[in-house]
file input-v7.cif (mmCIF, C-alpha atoms)
data_start
#
loop_
_atom_site.label_atom_id
_atom_site.label_comp_id
_atom_site.auth_asym_id
_atom_site.auth_seq_id
_atom_site.Cartn_x
_atom_site.Cartn_y
_atom_site.Cartn_z
CA MET A 1 6.51 20.92 21.77
CA ILE A 2 3.36 19.59 20.11
CA ILE A 3 1.13 22.58 19.34
CA GLY A 4 -2.53 22.36 18.36
CA VAL A 5 -4.63 25.04 16.66
CA PRO A 6 -8.36 24.17 16.78
CA LYS A 7 -11.06 25.75 14.67
CA GLU A 8 -12.98 28.37 16.65
CA ILE A 9 -16.55 27.25 17.37
CA LYS A 10 -17.96 30.34 19.06
CA ASN A 11 -20.83 31.93 17.11
CA ASN A 12 -19.49 33.77 14.05
CA GLU A 13 -15.90 33.61 15.27
CA ASN A 14 -13.95 33.52 12.03
CA ARG A 15 -10.42 34.17 13.31
CA VAL A 16 -7.79 31.48 13.78
CA GLY A 17 -5.06 31.24 16.41
CA VAL A 18 -2.05 31.12 14.07
CA THR A 19 -1.43 32.18 10.47
CA PRO A 20 0.61 30.07 8.01
CA ALA A 21 3.50 32.52 8.55
CA GLY A 22 3.29 31.97 12.31
CA THR A 23 3.15 28.22 11.75
CA MET A 24 6.36 28.35 9.71
CA GLU A 25 8.17 30.19 12.53
CA LEU A 26 7.05 27.64 15.12
CA VAL A 27 8.15 24.76 12.88
CA LYS A 28 11.52 26.46 12.30
CA HIS A 29 12.03 26.35 16.07
CA GLY A 30 11.58 22.59 15.99
CA HIS A 31 7.96 22.34 17.13
CA THR A 32 5.22 20.18 15.63
CA VAL A 33 2.10 22.12 14.67
CA PHE A 34 -1.29 20.45 14.16
CA ILE A 35 -4.02 22.56 12.55
CA GLN A 36 -7.64 21.45 12.54
CA GLN A 37 -9.01 21.00 9.04
CA ASP A 38 -10.38 24.29 7.64
CA ALA A 39 -9.46 26.18 10.85
CA GLY A 40 -8.09 29.12 8.87
CA LEU A 41 -10.56 29.08 5.98
CA GLN A 42 -12.77 31.91 7.25
CA SER A 43 -9.69 34.07 7.79
CA GLY A 44 -8.57 33.48 4.21
CA PHE A 45 -5.97 30.77 4.90
CA GLU A 46 -6.42 27.37 3.26
CA ASP A 47 -5.12 24.06 4.63
CA GLU A 48 -2.65 23.84 1.76
CA GLU A 49 -0.93 27.03 2.98
CA TYR A 50 -0.48 25.52 6.43
CA ILE A 51 0.86 22.28 4.96
CA LYS A 52 3.41 24.24 2.91
CA ALA A 53 4.40 26.07 6.11
CA GLY A 54 5.15 22.71 7.76
CA ALA A 55 1.92 21.97 9.67
CA LYS A 56 0.00 18.73 9.81
CA ILE A 57 -3.79 18.76 9.36
CA LEU A 58 -6.09 16.90 11.75
CA PRO A 59 -9.74 16.21 10.88
CA THR A 60 -11.52 17.07 14.14
CA ILE A 61 -11.33 19.37 17.14
CA GLU A 62 -11.18 16.30 19.41
CA LYS A 63 -8.03 15.09 17.63
CA VAL A 64 -6.36 18.48 18.03
CA TYR A 65 -7.01 18.68 21.79
CA SER A 66 -6.06 15.04 22.44
CA THR A 67 -2.80 15.36 20.47
CA ALA A 68 -1.46 18.75 21.59
CA GLU A 69 0.57 19.73 24.64
CA MET A 70 -0.10 23.41 23.93
CA ILE A 71 -3.28 24.87 22.44
CA ILE A 72 -3.20 28.26 20.67
CA LYS A 73 -6.65 29.79 20.19
CA VAL A 74 -8.37 33.13 19.79
CA LYS A 75 -11.48 33.04 21.97
CA GLU A 76 -12.10 31.42 25.33
CA PRO A 77 -13.12 27.76 25.23
CA ILE A 78 -16.89 27.28 25.24
CA GLU A 79 -18.90 24.47 26.83
CA PRO A 80 -18.32 21.75 24.16
CA GLU A 81 -14.56 22.29 24.54
CA TYR A 82 -14.41 22.05 28.34
CA LYS A 83 -14.22 18.27 28.39
CA LEU A 84 -11.52 18.24 25.68
CA ILE A 85 -8.97 20.20 27.73
CA LYS A 86 -6.57 17.95 29.61
CA LYS A 87 -4.66 18.18 32.87
CA ASP A 88 -1.35 20.07 32.43
CA GLN A 89 -2.31 21.15 28.90
CA LEU A 90 -1.12 24.70 28.19
CA VAL A 91 -3.91 26.85 26.74
CA PHE A 92 -2.88 30.22 25.28
CA THR A 93 -5.85 32.40 24.28
CA TYR A 94 -8.18 35.21 25.32
CA PHE A 95 -10.03 33.99 28.43
CA HIS A 96 -11.69 37.04 30.04
CA PHE A 97 -12.25 34.92 33.16
CA ALA A 98 -13.63 37.70 35.35
CA SER A 99 -16.83 37.83 33.29
CA GLY A 100 -17.33 34.05 33.07
CA GLU A 101 -17.80 32.04 36.25
CA GLU A 102 -18.77 28.84 34.41
CA LEU A 103 -15.63 29.06 32.26
CA THR A 104 -13.48 29.76 35.33
CA ASN A 105 -14.84 26.73 37.18
CA ALA A 106 -14.42 24.54 34.08
CA MET A 107 -10.77 25.51 33.65
CA ILE A 108 -10.11 24.98 37.37
CA ALA A 109 -11.65 21.51 37.05
CA SER A 110 -9.61 20.71 33.93
CA GLY A 111 -6.26 21.04 35.71
CA SER A 112 -4.87 22.88 32.69
CA VAL A 113 -2.47 25.84 32.60
CA CYS A 114 -4.29 28.93 31.33
CA VAL A 115 -2.28 31.85 29.94
CA SER A 116 -4.55 34.76 29.01
CA TYR A 117 -3.63 37.12 26.19
CA GLU A 118 -5.51 39.98 27.83
CA THR A 119 -3.55 39.99 31.11
CA VAL A 120 -0.03 39.90 29.64
CA GLU A 121 1.11 43.32 30.81
CA ASP A 122 4.19 45.42 30.04
CA PRO A 123 5.91 47.56 32.72
CA ASP A 124 4.14 50.68 31.40
CA ARG A 125 0.81 48.87 32.12
CA SER A 126 0.04 48.50 28.41
CA LEU A 127 -1.45 45.19 27.26
CA PRO A 128 0.51 44.11 24.17
CA LEU A 129 -1.67 41.12 23.25
CA LEU A 130 -4.95 42.94 23.77
CA THR A 131 -3.95 46.13 21.97
CA PRO A 132 -4.38 45.03 18.32
CA MET A 133 -7.85 43.62 18.95
CA SER A 134 -8.76 46.75 20.91
CA GLU A 135 -7.63 48.78 17.92
CA VAL A 136 -9.84 46.71 15.61
CA ALA A 137 -12.83 46.85 17.99
CA GLY A 138 -12.44 50.59 18.60
CA ARG A 139 -12.49 51.32 14.88
CA MET A 140 -15.32 48.87 14.26
CA SER A 141 -17.42 50.41 17.03
CA ILE A 142 -17.86 53.55 14.93
CA GLN A 143 -18.43 51.57 11.73
CA GLN A 144 -21.18 49.56 13.43
CA GLY A 145 -22.56 52.49 15.39
CA ALA A 146 -22.90 54.57 12.22
CA LYS A 147 -24.78 51.72 10.56
CA PHE A 148 -27.22 51.18 13.42
CA LEU A 149 -27.98 54.89 13.60
CA GLU A 150 -29.84 54.37 10.33
CA LYS A 151 -33.63 54.44 10.68
CA PRO A 152 -34.34 51.01 9.10
CA LEU A 153 -32.10 49.55 11.83
CA LYS A 154 -34.06 51.41 14.56
CA GLY A 155 -31.54 54.22 15.04
CA ARG A 156 -32.23 57.96 15.10
CA GLY A 157 -31.80 58.25 11.35
CA ILE A 158 -28.67 60.39 11.55
CA LEU A 159 -25.70 60.47 9.20
CA LEU A 160 -22.62 60.45 11.40
CA GLY A 161 -20.81 63.24 9.57
CA GLY A 162 -23.87 65.31 8.67
CA VAL A 163 -23.85 67.33 5.44
CA PRO A 164 -23.32 71.04 4.70
CA GLY A 165 -26.04 72.93 6.52
CA VAL A 166 -26.88 69.98 8.82
CA ALA A 167 -24.98 69.34 12.05
CA PRO A 168 -23.09 66.03 12.38
CA ALA A 169 -23.94 63.37 14.95
CA LYS A 170 -22.65 63.73 18.49
CA VAL A 171 -20.43 60.84 19.59
CA LEU A 172 -19.56 60.26 23.26
CA VAL A 173 -16.56 58.01 23.95
CA LEU A 174 -16.17 56.65 27.49
CA GLY A 175 -12.50 55.88 28.08
CA GLY A 176 -9.44 57.34 26.39
CA GLY A 177 -7.43 54.13 26.13
CA VAL A 178 -6.75 52.12 22.99
CA VAL A 179 -10.43 51.47 22.18
CA GLY A 180 -11.50 55.04 22.89
CA THR A 181 -8.62 56.58 20.95
CA GLN A 182 -9.29 54.47 17.87
CA ALA A 183 -13.04 55.09 18.10
CA ALA A 184 -12.51 58.84 18.39
CA LYS A 185 -10.12 58.87 15.40
CA MET A 186 -12.64 57.03 13.23
CA ALA A 187 -15.59 59.16 14.33
CA ALA A 188 -13.60 62.36 13.83
CA GLY A 189 -12.50 61.18 10.40
CA MET A 190 -16.15 60.70 9.43
CA GLY A 191 -16.89 64.26 10.53
CA ALA A 192 -18.74 63.64 13.81
CA ASP A 193 -18.72 65.93 16.84
CA VAL A 194 -16.75 63.81 19.34
CA THR A 195 -16.26 64.04 23.12
CA ILE A 196 -13.89 61.72 25.01
CA LEU A 197 -14.29 61.23 28.77
CA ASP A 198 -11.50 59.77 30.90
CA ILE A 199 -10.36 59.90 34.53
CA SER A 200 -6.68 60.45 33.68
CA VAL A 201 -5.85 64.12 33.17
CA LYS A 202 -2.47 63.06 31.76
CA ARG A 203 -4.23 60.98 29.10
CA LEU A 204 -6.69 63.78 28.35
CA ARG A 205 -3.78 66.20 27.81
CA TYR A 206 -2.21 63.78 25.34
CA LEU A 207 -5.48 63.26 23.46
CA ASP A 208 -6.13 66.98 23.39
CA ASP A 209 -2.76 67.46 21.68
CA VAL A 210 -3.08 64.73 19.06
CA MET A 211 -6.77 64.74 18.15
CA PRO A 212 -8.31 66.94 15.44
CA ALA A 213 -10.40 70.00 16.26
CA ASN A 214 -13.74 68.12 16.21
CA VAL A 215 -12.65 66.02 19.22
CA LYS A 216 -13.07 67.49 22.71
CA THR A 217 -11.83 66.02 25.98
CA GLU A 218 -13.46 66.19 29.39
CA PHE A 219 -12.81 64.68 32.80
CA SER A 220 -15.09 61.72 33.46
CA ASN A 221 -17.47 61.49 36.40
CA GLU A 222 -21.15 60.60 36.82
CA TYR A 223 -22.22 64.22 36.44
CA SER A 224 -20.46 64.67 33.09
CA ILE A 225 -21.73 61.32 31.80
CA ARG A 226 -25.32 62.19 32.72
CA LYS A 227 -24.91 65.58 31.02
CA HIS A 228 -23.57 64.23 27.74
CA ILE A 229 -25.86 61.24 27.25
CA LYS A 230 -28.87 63.55 26.87
CA ASP A 231 -27.80 64.79 23.45
CA SER A 232 -25.37 62.11 22.25
CA ASP A 233 -26.41 60.08 19.22
CA LEU A 234 -23.77 57.36 19.55
CA ILE A 235 -22.10 56.30 22.81
CA ILE A 236 -19.02 54.05 22.85
CA GLY A 237 -18.04 52.16 26.02
CA GLY A 238 -14.31 51.50 25.97
CA VAL A 239 -13.33 51.25 29.63
CA LEU A 240 -10.96 48.51 30.79
CA ILE A 241 -9.52 47.38 34.10
CA PRO A 242 -7.00 44.64 33.16
CA GLY A 243 -8.36 41.19 33.97
CA ALA A 244 -11.25 42.54 36.06
CA LYS A 245 -14.91 43.30 35.48
CA ALA A 246 -15.58 46.62 33.79
CA PRO A 247 -17.22 49.33 35.94
CA LYS A 248 -20.87 50.13 35.14
CA LEU A 249 -20.68 53.72 33.93
CA ILE A 250 -24.15 53.87 32.37
CA THR A 251 -26.89 52.53 34.63
CA ARG A 252 -30.36 51.36 33.66
CA ASP A 253 -32.00 54.56 34.91
CA MET A 254 -29.81 56.66 32.58
CA LEU A 255 -31.46 55.17 29.48
CA LYS A 256 -34.56 57.29 30.06
CA ASP A 257 -32.41 60.41 29.65
CA MET A 258 -31.31 59.36 26.16
CA ARG A 259 -33.23 60.18 23.01
CA ALA A 260 -35.11 57.38 21.21
CA GLY A 261 -32.85 55.76 18.64
CA THR A 262 -29.59 56.54 20.46
CA VAL A 263 -27.06 53.78 19.77
CA ILE A 264 -24.75 52.49 22.51
CA VAL A 265 -21.84 50.20 21.64
CA ASP A 266 -20.25 48.35 24.57
CA VAL A 267 -16.75 47.27 23.53
CA ALA A 268 -16.11 46.20 27.15
CA VAL A 269 -18.66 43.37 26.85
CA ASP A 270 -15.91 40.72 27.13
CA GLN A 271 -15.19 42.00 30.64
CA GLY A 272 -18.85 42.15 31.64
CA GLY A 273 -19.62 45.47 29.94
CA CYS A 274 -19.56 49.06 31.18
CA PHE A 275 -23.32 49.55 30.68
CA GLU A 276 -25.65 48.01 33.27
CA THR A 277 -28.02 46.80 30.52
CA THR A 278 -25.29 45.07 28.49
CA LYS A 279 -25.71 41.42 27.56
CA PRO A 280 -23.43 39.66 25.05
CA THR A 281 -24.75 39.44 21.49
CA THR A 282 -23.45 37.86 18.28
CA HIS A 283 -22.77 39.05 14.75
CA GLN A 284 -25.81 37.00 13.74
CA ASP A 285 -28.09 38.94 16.10
CA PRO A 286 -26.02 41.98 17.15
CA VAL A 287 -28.51 44.40 18.72
CA TYR A 288 -31.43 44.64 21.10
CA ILE A 289 -33.50 47.60 22.28
CA ILE A 290 -34.23 48.71 25.84
CA ASP A 291 -36.19 51.93 26.47
CA ASP A 292 -35.85 52.82 22.76
CA VAL A 293 -32.04 52.74 23.05
CA VAL A 294 -30.26 50.46 20.56
CA HIS A 295 -27.66 48.27 22.30
CA TYR A 296 -24.80 46.76 20.26
CA SER A 297 -22.67 44.41 22.37
CA VAL A 298 -21.11 41.75 20.17
CA ALA A 299 -18.57 39.88 22.27
CA ASN A 300 -16.14 39.18 19.43
CA MET A 301 -16.30 42.24 17.22
CA PRO A 302 -12.94 41.60 15.48
CA GLY A 303 -14.30 38.20 14.36
CA ALA A 304 -16.22 40.03 11.63
CA VAL A 305 -12.96 41.13 9.97
CA PRO A 306 -10.96 37.93 10.48
CA TYR A 307 -8.26 38.45 7.86
CA THR A 308 -7.16 41.77 9.38
CA SER A 309 -7.67 40.53 12.95
CA THR A 310 -5.82 37.23 12.58
CA LEU A 311 -2.78 38.90 11.03
CA ALA A 312 -2.76 41.61 13.72
CA LEU A 313 -3.15 39.03 16.51
CA THR A 314 -0.44 36.65 15.30
CA ASN A 315 1.97 39.59 14.92
CA VAL A 316 1.89 40.09 18.69
CA THR A 317 1.17 36.62 20.12
CA LEU A 318 3.76 34.68 18.13
CA PRO A 319 6.89 35.86 20.02
CA TYR A 320 5.26 34.79 23.31
CA ALA A 321 4.04 31.50 21.84
CA ILE A 322 7.58 30.73 20.68
CA GLN A 323 8.94 31.44 24.18
CA LEU A 324 6.32 29.18 25.79
CA ALA A 325 7.05 26.39 23.31
CA ASN A 326 10.84 26.74 23.42
CA LYS A 327 11.24 26.94 27.19
CA GLY A 328 8.06 25.45 28.62
CA TRP A 329 5.62 27.69 30.49
CA LYS A 330 7.48 27.72 33.82
CA LYS A 331 10.82 28.87 32.43
CA ALA A 332 9.21 31.23 29.90
CA CYS A 333 7.11 32.95 32.57
CA SER A 334 10.01 33.09 35.03
CA ASP A 335 12.16 34.81 32.40
CA ASN A 336 9.46 37.17 31.13
CA GLU A 337 7.60 39.27 33.70
CA PRO A 338 4.87 40.48 31.28
CA LEU A 339 4.15 36.89 30.23
CA LYS A 340 4.08 35.81 33.87
CA LYS A 341 1.11 38.16 34.37
CA GLY A 342 -0.71 36.15 31.72
CA LEU A 343 -0.90 33.15 34.05
CA ASN A 344 -4.48 33.02 35.36
CA VAL A 345 -5.26 29.43 36.37
CA ILE A 346 -2.68 26.69 37.01
CA ASN A 347 -3.59 23.06 37.75
CA GLY A 348 -6.83 24.03 39.49
CA ASP A 349 -5.48 27.08 41.32
CA VAL A 350 -6.43 30.68 40.57
CA VAL A 351 -3.22 32.75 40.49
CA TYR A 352 -4.56 36.07 39.15
CA PRO A 353 -5.99 38.40 41.83
CA ALA A 354 -8.84 39.94 39.79
CA ILE A 355 -10.33 36.49 39.10
CA SER A 356 -10.11 35.55 42.77
CA GLU A 357 -11.90 38.78 43.69
CA ALA A 358 -14.57 38.39 41.01
CA PHE A 359 -15.77 35.01 42.28
CA ASP A 360 -14.45 34.96 45.87
CA LEU A 361 -12.08 32.08 45.06
CA PRO A 362 -8.87 31.19 46.91
CA LEU A 363 -5.79 32.87 45.44
CA ARG A 364 -2.48 31.05 45.20
CA ASP A 365 0.81 32.86 44.73
CA VAL A 366 1.98 32.23 41.15
CA ASN A 367 5.60 32.15 42.35
CA GLU A 368 4.93 28.90 44.20
CA TYR A 369 4.64 27.28 40.78
CA LEU A 370 7.55 29.09 39.17
CA ASN A 371 10.17 28.69 41.91
#
call {"tool": "encode", "arguments": {"input": "input-v7.cif", "output": "structure tokens"}}
result
Amino acid sequence: MIIGVPKEIKNNENRVGVTPAGTMELVKHGHTVFIQQDAGLQSGFEDEEYIKAGAKILPTIEKVYSTAEMIIKVKEPIEPEYKLIKKDQLVFTYFHFASGEELTNAMIASGSVCVSYETVEDPDRSLPLLTPMSEVAGRMSIQQGAKFLEKPLKGRGILLGGVPGVAPAKVLVLGGGVVGTQAAKMAAGMGADVTILDISVKRLRYLDDVMPANVKTEFSNEYSIRKHIKDSDLIIGGVLIPGAKAPKLITRDMLKDMRAGTVIVDVAVDQGGCFETTKPTTHQDPVYIIDDVVHYSVANMPGAVPYTSTLALTNVTLPYAIQLANKGWKKACSDNEPLKKGLNVINGDVVYPAISEAFDLPLRDVNEYLN
């Protein structure tokens, strides 16, 4: 198969779809890999490394899209890329369709085959291709939150871990999944007073067993959220419903109950956000303030640490990419049930229920394409 890896053009997106090591594996399987010039530079990978791994370099994004049968990316295509995607072209990337109607309509119109990293789902309901980026974002949420709690950045002026004789900051984590667990670990490690809310008692029991003493667990409902936001200094939103819009757990009216300078970090922004006042921001302009509450909602947080993120992403996406390239998408998805769940849009048809529900679009049974 002819595989293309374009340079990411979303604001401050520094990751790349495949590392030189991943390229070498694809070439070993007999595939031709075209990398856009300088696509890996911001992640620390030079063109020469890709050439040594067996790739060919193309000068422009247009050349990559026009040449490739399969595109491997990191972020969803943005408007300048829509017209470059061809009918029947296989696009393997993060799409987050349920939070992007314009993107959804563009991919339907393109006639391409869209396989979304974030909806590939194992039998235990874990999301193997989303997990490493959730781990990065969860850890980064505390790093960024701690920074924006500083007074020059409009925060409350609180050191996350406090000092002897001064209480540490209170951190509230909404969701005990991958993001929430990693956020809680980082916050606890910095000495904060951490509370995790979740609706799964089974998950809370697990977290209660493995977390250090400065992490408490509590069942999540509106009452407990309203109680905790009043004295929390940093609030992390890490709630996920696979492939669907995130529920709005903090509403606009709740902001008035928070203290001035409270920082809220919405890691669920890619799925529409779990705060009602969330709007996507960029690393260039990461925060905005509503009712004296600092909102951080960068839609591609792992893009700020591209070397770590690109290695972590390729580690998990490469085995699936090899299957898609070796067998073609129909056979690969027929043989691999988790990968089959990654199919979102095929030749103009929506085949993933959460996207159909989000925009009231007709839903076609994915098996009609695979059988």
call {"tool": "residues_near_point", "arguments": {"input": "input-v7.cif", "point": "(-7.7, 39.7, 28.6)", "cutoff": "7 Å", "atoms": "only C-alpha atoms", "output": "list in words"}}
result
Tyr94, Phe95, His96, Ser116, Tyr117, Glu118, Thr119, Leu130, Pro242 and Gly243 of chain A
call {"tool": "resolve_selection", "arguments": {"input": "input-v7.cif", "expression": "the PyMOL selection byres ((chain A and resi 137-149) around 7)", "output": "list of chain:residue names"}}
result
A:Met133, A:Ser134, A:Glu135, A:Val136, A:Glu150, A:Lys151, A:Leu153, A:Lys154, A:Gly155, A:Arg156, A:Gly157, A:Ile158, A:Leu160, A:Val179, A:Gly180, A:Gln182, A:Ala183, A:Met186, A:Ala187, A:Leu234, A:Val263, A:Val265, A:Val267, A:Met301, A:Pro302
call {"tool": "write_last_selection", "arguments": {"input": "input-v7.cif", "atoms": "C-alpha atoms", "output": "CSV table (one decimal), in the coordinates of the input"}}
result
chain,number,residue,atom,x,y,z
A,133,MET,CA,-7.8,43.6,19.0
A,134,SER,CA,-8.8,46.8,20.9
A,135,GLU,CA,-7.6,48.8,17.9
A,136,VAL,CA,-9.8,46.7,15.6
A,150,GLU,CA,-29.8,54.4,10.3
A,151,LYS,CA,-33.6,54.4,10.7
A,153,LEU,CA,-32.1,49.6,11.8
A,154,LYS,CA,-34.1,51.4,14.6
A,155,GLY,CA,-31.5,54.2,15.0
A,156,ARG,CA,-32.2,58.0,15.1
A,157,GLY,CA,-31.8,58.2,11.4
A,158,ILE,CA,-28.7,60.4,11.6
A,160,LEU,CA,-22.6,60.4,11.4
A,179,VAL,CA,-10.4,51.5,22.2
A,180,GLY,CA,-11.5,55.0,22.9
A,182,GLN,CA,-9.3,54.5,17.9
A,183,ALA,CA,-13.0,55.1,18.1
A,186,MET,CA,-12.6,57.0,13.2
A,187,ALA,CA,-15.6,59.2,14.3
A,234,LEU,CA,-23.8,57.4,19.6
A,263,VAL,CA,-27.1,53.8,19.8
A,265,VAL,CA,-21.8,50.2,21.6
A,267,VAL,CA,-16.8,47.3,23.5
A,301,MET,CA,-16.3,42.2,17.2
A,302,PRO,CA,-12.9,41.6,15.5
call {"tool": "closest_residue", "arguments": {"input": "input-v7.cif", "among": "A:Gly238, A:Pro80, A:Gly17, A:Gly272", "to": "Ala98 in chain A", "atoms": "all atoms listed in the file"}}
result
A:Gly272
call {"tool": "residues_around", "arguments": {"input": "input-v7.cif", "residues": "Val298 in chain A", "least_positions_apart": "3", "cutoff": "6 Å", "atoms": "only C-alpha atoms", "output": "PyMOL selection string"}}
result
chain A and resi 280-282+286+301
call {"tool": "atom_distance", "arguments": {"input": "input-v7.cif", "atom1": "CA of Asp231 in chain A", "atom2": "CA of Ala167 in chain A"}}
result
12.6 Å
call {"tool": "closest_residue", "arguments": {"input": "input-v7.cif", "among": "A:Ala246, A:Val210, A:Met258, A:Val178", "to": "Ala354 in chain A", "atoms": "only C-alpha atoms"}}
result
A:Ala246
call {"tool": "atom_distance", "arguments": {"input": "input-v7.cif", "atom1": "CA of Ile108 in chain A", "atom2": "CA of Leu84 in chain A"}}
result
13.6 Å
call {"tool": "closest_residue", "arguments": {"input": "input-v7.cif", "among": "A:Ala192, A:Leu249, A:Ala304, A:Ala312", "to": "Thr278 in chain A", "atoms": "only C-alpha atoms"}}
result
A:Leu249
call {"tool": "residues_around", "arguments": {"input": "input-v7.cif", "residues": "range 23-30 of chain A", "least_positions_apart": "3", "cutoff": "8 Å", "atoms": "all atoms listed in the file", "output": "list in words"}}
result
Met1, Val18, Thr19, Pro20, Val33, Tyr50, Ala53, Gly54, Ala55, Ile322 and Asn326 of chain A
call {"tool": "atom_distance", "arguments": {"input": "input-v7.cif", "atom1": "CA of Phe97 in chain A", "atom2": "CA of Val173 in chain A"}}
result
25.2 Å
call {"tool": "closest_residue", "arguments": {"input": "input-v7.cif", "among": "A:Asp122, A:Asp233, A:Asp47, A:Asp266", "to": "Leu172 in chain A", "atoms": "all atoms listed in the file"}}
result
A:Asp233
call {"tool": "residues_around", "arguments": {"input": "input-v7.cif", "residues": "Phe34 in chain A", "least_positions_apart": "3", "cutoff": "7 Å", "atoms": "all atoms listed in the file", "output": "PyMOL selection string"}}
result
chain A and resi 3-5+55-58+64
call {"tool": "closest_residue", "arguments": {"input": "input-v7.cif", "among": "A:Pro319, A:Gly189, A:Pro59, A:Gly273", "to": "Ala299 in chain A", "atoms": "only C-alpha atoms"}}
result
A:Gly273
call {"tool": "resolve_selection", "arguments": {"input": "input-v7.cif", "expression": "the PyMOL selection byres ((chain A and resi 321) around 10)", "output": "PDB file with C-alpha atoms, in the frame of the given file"}}
result
ATOM      1  CA  ILE A   3       1.130  22.580  19.340  1.00  0.00           C
ATOM      2  CA  VAL A  18      -2.050  31.120  14.070  1.00  0.00           C
ATOM      3  CA  GLY A  22       3.290  31.970  12.310  1.00  0.00           C
ATOM      4  CA  LEU A  26       7.050  27.640  15.120  1.00  0.00           C
ATOM      5  CA  MET A  70      -0.100  23.410  23.930  1.00  0.00           C
ATOM      6  CA  ILE A  71      -3.280  24.870  22.440  1.00  0.00           C
ATOM      7  CA  ILE A  72      -3.200  28.260  20.670  1.00  0.00           C
ATOM      8  CA  PHE A  92      -2.880  30.220  25.280  1.00  0.00           C
ATOM      9  CA  THR A 314      -0.440  36.650  15.300  1.00  0.00           C
ATOM     10  CA  VAL A 316       1.890  40.090  18.690  1.00  0.00           C
ATOM     11  CA  THR A 317       1.170  36.620  20.120  1.00  0.00           C
ATOM     12  CA  LEU A 318       3.760  34.680  18.130  1.00  0.00           C
ATOM     13  CA  PRO A 319       6.890  35.860  20.020  1.00  0.00           C
ATOM     14  CA  TYR A 320       5.260  34.790  23.310  1.00  0.00           C
ATOM     15  CA  ILE A 322       7.580  30.730  20.680  1.00  0.00           C
ATOM     16  CA  GLN A 323       8.940  31.440  24.180  1.00  0.00           C
ATOM     17  CA  LEU A 324       6.320  29.180  25.790  1.00  0.00           C
ATOM     18  CA  ALA A 325       7.050  26.390  23.310  1.00  0.00           C
ATOM     19  CA  ASN A 326      10.840  26.740  23.420  1.00  0.00           C
ATOM     20  CA  GLY A 328       8.060  25.450  28.620  1.00  0.00           C
ATOM     21  CA  TRP A 329       5.620  27.690  30.490  1.00  0.00           C
ATOM     22  CA  ALA A 332       9.210  31.230  29.900  1.00  0.00           C
ATOM     23  CA  LEU A 339       4.150  36.890  30.230  1.00  0.00           C
TER      24      LEU A 339
END
call {"tool": "resolve_selection", "arguments": {"input": "input-v7.cif", "expression": "the PyMOL selection byres ((chain A and resi 276) around 10)", "output": "list in words"}}
result
Pro247, Lys248, Leu249, Ile250, Thr251, Arg252, Asp253, Met254, Leu255, Gly272, Gly273, Cys274, Phe275, Thr277, Thr278 and Lys279 of chain A
call {"tool": "write_last_selection", "arguments": {"input": "input-v7.cif", "atoms": "C-alpha atoms", "output": "tab-separated table (two decimals), in the frame of the given file"}}
result
chain	number	residue	atom	x	y	z
A	247	PRO	CA	-17.22	49.33	35.94
A	248	LYS	CA	-20.87	50.13	35.14
A	249	LEU	CA	-20.68	53.72	33.93
A	250	ILE	CA	-24.15	53.87	32.37
A	251	THR	CA	-26.89	52.53	34.63
A	252	ARG	CA	-30.36	51.36	33.66
A	253	ASP	CA	-32.00	54.56	34.91
A	254	MET	CA	-29.81	56.66	32.58
A	255	LEU	CA	-31.46	55.17	29.48
A	272	GLY	CA	-18.85	42.15	31.64
A	273	GLY	CA	-19.62	45.47	29.94
A	274	CYS	CA	-19.56	49.06	31.18
A	275	PHE	CA	-23.32	49.55	30.68
A	277	THR	CA	-28.02	46.80	30.52
A	278	THR	CA	-25.29	45.07	28.49
A	279	LYS	CA	-25.71	41.42	27.56
call {"tool": "closest_residue", "arguments": {"input": "input-v7.cif", "among": "A:Pro152, A:Pro6, A:Gly176, A:Gly111", "to": "Asp349 in chain A", "atoms": "only C-alpha atoms"}}
result
A:Gly111
call {"tool": "residues_near_point", "arguments": {"input": "input-v7.cif", "point": "(-12.8, 19.1, 35.5)", "cutoff": "9 Å", "atoms": "only C-alpha atoms", "output": "PyMOL selection string"}}
result
chain A and resi 82-83+85-87+105-111+348
call {"tool": "residues_around", "arguments": {"input": "input-v7.cif", "residues": "Arg364 in chain A", "least_positions_apart": "4", "cutoff": "10 Å", "atoms": "all atoms listed in the file", "output": "PyMOL selection string"}}
result
chain A and resi 345-346+349-353+356+368-369
call {"tool": "residues_around", "arguments": {"input": "input-v7.cif", "residues": "Gln42 in chain A", "least_positions_apart": "6", "cutoff": "10 Å", "atoms": "only C-alpha atoms", "output": "number ranges by chain"}}
result
A: 7, 12-16, 303-307
